[in-house]
Every structure is written in structure tokens, then in C-alpha cells.
Amino acid sequence: MVQSKPNLGAQTGAPQAFSAAEAQQVIQFNHLSKYRTSEWYTGHGEIQASNDSRSFEVSASYTLKAEVRLINGVFDPNNTTLAEVYSRRGRCVAIVDQTVEQLYGKELRGYFEHHEIPLQLEVCRAWESDKTPETVHNLLRFLGKDGCDVSRNEPVLVIGGGVLSDVAGLACSLQHRRTPYIMIGTTVVAAIDAGPSPRTCTNGSQFKNSIGAYHPPVLTLVDRNFFRTLETGHVRNGMAEIIKMAVTDDPILFELMEKHGARLLETHFATLGEDAELAEIADEVIYRALFSYMKHEGTNMFETYQDRPHAYGHTWSPRFEPAVKLMHGHAVGIGMAFGATLALEMGWLTTAERDRIVGICTAIGLSVDHPILKNIDLMLEGQKNMRRKRGKGGLWAPLPTGIGSCDYAQEVSSGLLESAVDAHHQFCITLPNAGQGTDMYLSDLGLE
Ligand SMILES: NC(=O)c1ccc[n+]([C@@H]2O[C@H](COP(=O)([O-])OP(=O)(O)OC[C@H]3O[C@@H](n4cnc5c(N)ncnc54)[C@H](O)[C@@H]3O)[C@@H](O)[C@H]2O)c1
């Protein structure tokens, strides 16, 4: 049967341009709450047509709610925090670090059994060398149709250190384009830095952390009881990230660390032995470090702004850390201490303040100097890499302007760099062990 073609021209006529009034109108589009399906994410925006009926502009913003909570005994059956989240969903889909599973798997399973919540668990080896796209793919298989088939509003539970929070967070960001997750950081780094961070990632073929997405957990639970089983070197590593916030943002945190840093290291944040007073101090230190970090990182979701104090100690270290295979915390310690001497040379800091910053690091065995700093070409290369990454041509190197404050250096000439390295070295040779820290080199599978 032959059908006659409809006469479209006759029906529609010539395209109608938007009227002038329509074109100038900005339409605010607020989606109604009765249509909302996510507890954590909202989105709205506006749309404006142009005069020529050939283009229009959309601007949209989205809001997310991310809570961070200190908690004591997360797997204690009497603690209902996790049960409240997962009982109404009828199950808990979880990803756990292999070592953490060996140490805490029984408690974890016992908790969900007690609350009669089915637990679907993926145990993931999460060494630094496992921080690869393949690991992310494996996790996606577990989360996807062939695995647990998580819904886009079902928060996945992630339990482990910074490596796991980075790769599992990235897998969640990819699953259904954005699946929420709840993070329990079991190392100091994951508890106060990597865990609540929006910056999920995996290592690329040449650069660490180069592939990723901005996707923070909707809830971060911080339970320092996990620190009891950490190697002391990993506790020290995490403390470098606390010191960076103390120096650049929180003078009270600085004083607490100055006074109690060594004891907190020795007792793994008051988890070895009974000391109620130190336990309170440990909680305050963790809370302050988290608050300070998330104030800056959590509100700057896409790293659009470069006023990022938490990058202190992280400007030159990404270049020299792998070159000499340093533990990350030690590389940050060297970066912070050198940054303090540079700030002194620039007139931003007094000698007494620089000495306090270096002292807070050495008191817990963090390194503050290394001969690699004398390789000025390598340091300049590090600056070049940072400039490219941080954008708009600036270096944006946070440097202290006192205890608890900082500003951002845009340019550090090779001459200034050289004289600061020299001055720093002259100062550090007067320190015990010439500023070398305890167990400063990687002993396991760091990224080659
Ligand atoms: N996304 C971010 O903003 C951000 C910030 C800082 C660091 N990071 C990343 O975090 C990673 C480092 O994290 P990390 O220091 O937590 O290291 P990690 O995840 O490698 O953990 C260190 C070791 O401790 C083990 N472990 C974890 N919890 C334990 C516990 N309670 N008891 C005993 N052992 C335990 C792990 O299995 C591992 O062997 C790096 O890859 C770094 O790039 C990311």
C-alpha cells in the first residue's frame, strides 16, 4: 500500500522565532520535591534563549549533602548507625580492604548478622600497586548487573585505607554514573583525608591518581579504634596530613599536635592502653583536622578554586617522592619543612615560627630534609608540572604566613629556590639525624 506523504510545510509553516519577550526570559527550573528520588543530591538550573532562535544557554547547579561523623565502635552491635541505614534497604553491599577483612571481618559479619541484614561483601586487595583501572573494573563487576546490581540510590559501604577509598569511590562514581557510598576509613590517612575527600581516582599508566572523578561519600564514619592495628609507620604517615591543616589553617590544632603529637603516635591515637584524657585529645585532633580539611576541600567540589591550604607540602613532593621512593608522609614532611624555610626567605614567616613547624614534624619522626632537594632541575620540573595541573599559569603553592594561616606563592624563581634549599639544608644539618625521619623509605609495593 502506498501512503501519501503528509504535507509538513503546509502543516508547520516557516519556523517561528522566539518572541523578544520569550528570548529575554530566564526560565528558572526548580524540580519539585515530590519527584525527587535521592536523599543526598538535588539539582536545579535555568535556561535562557538567545534572540536568534538558534542557541540557548543552560546553567545548572547541583547540591550534595555529605556528613562526616566521629563514632566509637562502629561494629559494636549496640551501635545502630549502620543498621539504621541498611535495615530499611534490606541488605548491605560492601567493599572491604583485604587486610581489614582479615582483622575485622568477624566483627563486620557479626554486626550485620546481629541486625539480620544480609551482607554482600567484596574483599579487595588494595595495595598501592592495585590502584589501577583493572581494580576499578573488578569492583564495577561486583556492583553491576552480573554482581549485586546495586540501585542508584543504594549506598555502598566501603571499609579500608586511602587506596581503597580512591578506587572504590571511583567505581561508585561510575556505577549508574553516580551511586552513593558510605566510607569507613581504617587508616589515619583515610579517616581524616582520603576518606571524606571528593577526589576519587586510580593511577594512570604514568601518573599517580591521574584518572578520577569528584565523588565524595555521602557519609564518612571515623572510628579511631581501627588505628590500634596499624603499623606505626602508617600512623606517622597520616599525621603529616593533620600537620598540614594545623600549620595552614588551625592554630589550636597546631598547639594540640605540638603538645601531644608524640604520645598520639606512640599510642596510635589513644587506642593502645587506657588513657581517657588522651582519648579526648585524640578525638579533638581528629575532629579539628577533618573540619579544617573539609571546610576547604568539601566546599570546593571540583577544585575550581586554588585557595587550597591542604596542598601545603604537596607542591614539590609529587616530583621527588617517587624519585627517591619516600613514604608519602615523609615526602609531605620534607615539603612542609622546606616550604616553611622558603616562606622565611620570602619574609612571610619568622625564624621562630619556621622552627616550630619543623619541630612538630621531627617530634614524631617525620623527615624534614633530603639531598634530593638540591636537584634544582628536578624541583623546577615539579613546579612546571604543578603549574600545568593547578591552572591559569600560577604555581599556587600554599606557604605559611604564621602558625595557622597561609598564602599562595605564584612564582618561585630558580635563584630563590636554590637559596631556600641551601638555607634549609644549613638549618637541618643542626638537627638530630640531619632531619632524616624514622622508616622514611617505602619498604613494600609503592608505585614504580
Ligand atoms: N583522594 C584523596 O584526596 C587522597 C588524599 C590522601 C591520600 N590519598 C591516597 O591514599 C593512599 C594512601 O592511603 P593509606 O595511607 O590509607 O594507605 P593504604 O590504603 O595503602 O593502607 C595502608 C596499609 O594499611 C592496611 N590497613 C588498612 N587499615 C588497617 C588497619 N585498621 N589495621 C591494619 N592495617 C590496615 C592496608 O591494607 C594497607 O596495607 C594513596 O594512594 C594516596 O594517593 C588520596
# chains A, B, ... in the order shown; residues from 1 in each chain; ligands from 1
$ residues_near_ligand --ligand "ligand 1" --cutoff "6 Å" --atoms "only C-alpha atoms and all ligand atoms" --output "MDAnalysis selection string"
chainID A and resid 97 99:100 127:128 160:164 166 186:187 189:190 193:194 197 199:200 226:227 229:230
$ closest_atom_pairs --of "segment 195-274 of chain A" --to "segment 314-338 of chain A" --cutoff "12 Å" --atoms "only C-alpha atoms" --output "CSV"
residue,atom,partner,partner_atom,distance
A:Gln206,CA,A:Pro322,CA,11.7
A:Phe207,CA,A:Pro318,CA,9.8
A:Lys208,CA,A:Pro318,CA,8.9
A:Asn209,CA,A:Pro318,CA,10.8
A:Gly233,CA,A:Met327,CA,8.8
A:His234,CA,A:Gly329,CA,8.4
A:Val235,CA,A:Gly329,CA,9.4
A:Arg236,CA,A:Gly329,CA,7.0
A:Asn237,CA,A:Gly329,CA,4.0
A:Gly238,CA,A:Gly329,CA,6.5
A:Met239,CA,A:Gly329,CA,7.5
A:Ala240,CA,A:Gly329,CA,5.3
A:Glu241,CA,A:Gly329,CA,7.3
A:Ile242,CA,A:Gly329,CA,10.3
A:Ile243,CA,A:Gly333,CA,8.7
A:Lys244,CA,A:Met336,CA,7.3
A:Met245,CA,A:Met336,CA,10.9
A:Ala246,CA,A:Met336,CA,11.4
A:Val247,CA,A:Met336,CA,9.0
A:Thr248,CA,A:Met336,CA,10.1
$ select_by_dssp --residues "segment 127-184 of chain A" --states "strand (DSSP E or B)" --output "ChimeraX atom specification"
/A:156-160,181-184
$ write_last_selection --atoms "N, CA, C and O atoms" --output "mmCIF file, in the first residue's frame"
data_model
loop_
_atom_site.group_PDB
_atom_site.id
_atom_site.type_symbol
_atom_site.label_atom_id
_atom_site.label_comp_id
_atom_site.auth_asym_id
_atom_site.auth_seq_id
_atom_site.Cartn_x
_atom_site.Cartn_y
_atom_site.Cartn_z
ATOM 1 N N VAL A 156 26.654 2.145 48.903
ATOM 2 C CA VAL A 156 27.608 1.037 49.049
ATOM 3 C C VAL A 156 28.480 1.359 50.268
ATOM 4 O O VAL A 156 28.832 2.515 50.488
ATOM 5 N N LEU A 157 28.810 0.342 51.038
ATOM 6 C CA LEU A 157 29.670 0.559 52.210
ATOM 7 C C LEU A 157 31.116 0.237 51.823
ATOM 8 O O LEU A 157 31.394 -0.856 51.329
ATOM 9 N N VAL A 158 32.018 1.192 52.045
ATOM 10 C CA VAL A 158 33.434 0.993 51.704
ATOM 11 C C VAL A 158 34.256 1.082 52.998
ATOM 12 O O VAL A 158 34.142 2.063 53.737
ATOM 13 N N ILE A 159 35.075 0.048 53.244
ATOM 14 C CA ILE A 159 35.819 -0.011 54.511
ATOM 15 C C ILE A 159 37.296 -0.283 54.204
ATOM 16 O O ILE A 159 37.642 -1.365 53.719
ATOM 17 N N GLY A 160 38.143 0.686 54.485
ATOM 18 C CA GLY A 160 39.563 0.456 54.215
ATOM 19 C C GLY A 160 40.379 1.729 54.261
ATOM 20 O O GLY A 160 39.925 2.764 54.769
ATOM 21 N N TYR A 181 27.991 6.290 48.361
ATOM 22 C CA TYR A 181 28.702 5.322 49.194
ATOM 23 C C TYR A 181 28.963 5.916 50.574
ATOM 24 O O TYR A 181 28.990 7.136 50.749
ATOM 25 N N ILE A 182 29.114 5.010 51.530
ATOM 26 C CA ILE A 182 29.434 5.387 52.909
ATOM 27 C C ILE A 182 30.850 4.904 53.177
ATOM 28 O O ILE A 182 31.189 3.761 52.864
ATOM 29 N N MET A 183 31.687 5.770 53.712
ATOM 30 C CA MET A 183 33.107 5.431 53.870
ATOM 31 C C MET A 183 33.475 5.259 55.338
ATOM 32 O O MET A 183 33.170 6.108 56.168
ATOM 33 N N ILE A 184 34.122 4.138 55.617
ATOM 34 C CA ILE A 184 34.741 3.964 56.945
ATOM 35 C C ILE A 184 36.244 3.877 56.699
ATOM 36 O O ILE A 184 36.748 2.865 56.197
#
$ atom_distance --atom1 "atom CA of Tyr312 of chain A" --atom2 "atom CA of Cys361 of chain A"
13.6 Å
$ residues_around --residues "His115 of chain A" --least-positions-apart "2" --cutoff "9 Å" --atoms "only C-alpha atoms" --output "list in words"
Pro77, Thr80, Ala83, Ser87, Gly110, Tyr111, Phe112, Glu113, Ile117 and Pro118 of chain A
$ select_by_dssp --residues "segment 336-429 of chain A" --states "helix (DSSP H, G or I)" --output "count of residues only"
56
$ residues_around --residues "Arg354 of chain A" --least-positions-apart "4" --cutoff "9 Å" --atoms "only C-alpha atoms" --output "list in words"
Ala337, Ala340, Thr341, Ala343, Leu344, Leu349, Thr350, Val358, Gly359, Pro400, Gly402 and Ile403 of chain A
$ residues_around --residues "Thr299 of chain A" --least-positions-apart "3" --cutoff "12 Å" --atoms "only C-alpha atoms" --output "list in words"
Thr63, Leu64, Lys65, Ala66, Pro196, Ser197, Pro198, Tyr214, Pro216, Phe291, Ser292, Tyr293, Met294, Lys295, His296, Phe302, Glu303, Thr304, Tyr305, Asp307 and Arg308 of chain A
$ closest_residue --among "A:Leu139, A:Leu219, A:Ala423, A:Ala409" --to "Trp396 of chain A" --atoms "only C-alpha atoms"
A:Ala409
$ residues_around --residues "segment 258-267 of chain A" --least-positions-apart "4" --cutoff "6 Å" --atoms "only C-alpha atoms" --output "ChimeraX atom specification"
/A:254,271-272,360,364
$ closest_residue --among "A:Leu170, A:Ile281, A:Ile27, A:Ser413" --to "Ser210 of chain A" --atoms "only C-alpha atoms"
A:Leu170
$ atom_distance --atom1 "atom CA of Asn78 of chain A" --atom2 "atom CA of Pro180 of chain A"
25.1 Å
$ residues_around --residues "Leu373 of chain A" --least-positions-apart "3" --cutoff "8 Å" --atoms "only C-alpha atoms" --output "NGL selection string"
:A and (320 or 369-370 or 376 or 379 or 421)
$ write_last_selection --atoms "N, CA and C atoms" --output "PDB file, in the first residue's frame"
ATOM      1  N   PHE A 320      59.593  14.669  43.818  1.00  0.00           N
ATOM      2  CA  PHE A 320      60.745  13.998  44.443  1.00  0.00           C
ATOM      3  C   PHE A 320      60.361  12.731  45.226  1.00  0.00           C
ATOM      4  N   ASP A 369      64.164  16.940  55.670  1.00  0.00           N
ATOM      5  CA  ASP A 369      65.111  17.336  54.614  1.00  0.00           C
ATOM      6  C   ASP A 369      65.574  16.089  53.875  1.00  0.00           C
ATOM      7  N   HIS A 370      66.006  16.281  52.626  1.00  0.00           N
ATOM      8  CA  HIS A 370      66.553  15.178  51.837  1.00  0.00           C
ATOM      9  C   HIS A 370      67.476  15.765  50.769  1.00  0.00           C
ATOM     10  N   ILE A 376      68.027  20.952  41.605  1.00  0.00           N
ATOM     11  CA  ILE A 376      67.157  22.101  41.285  1.00  0.00           C
ATOM     12  C   ILE A 376      66.371  21.866  39.985  1.00  0.00           C
ATOM     13  N   MET A 379      63.388  19.957  40.913  1.00  0.00           N
ATOM     14  CA  MET A 379      62.442  20.808  41.654  1.00  0.00           C
ATOM     15  C   MET A 379      61.707  21.745  40.690  1.00  0.00           C
ATOM     16  N   VAL A 421      66.734  26.186  49.300  1.00  0.00           N
ATOM     17  CA  VAL A 421      67.188  24.803  49.514  1.00  0.00           C
ATOM     18  C   VAL A 421      68.472  24.816  50.337  1.00  0.00           C
TER      19      VAL A 421
END
$ atom_distance --atom1 "atom CA of Ala270 of chain A" --atom2 "atom CA of Leu221 of chain A"
18.0 Å
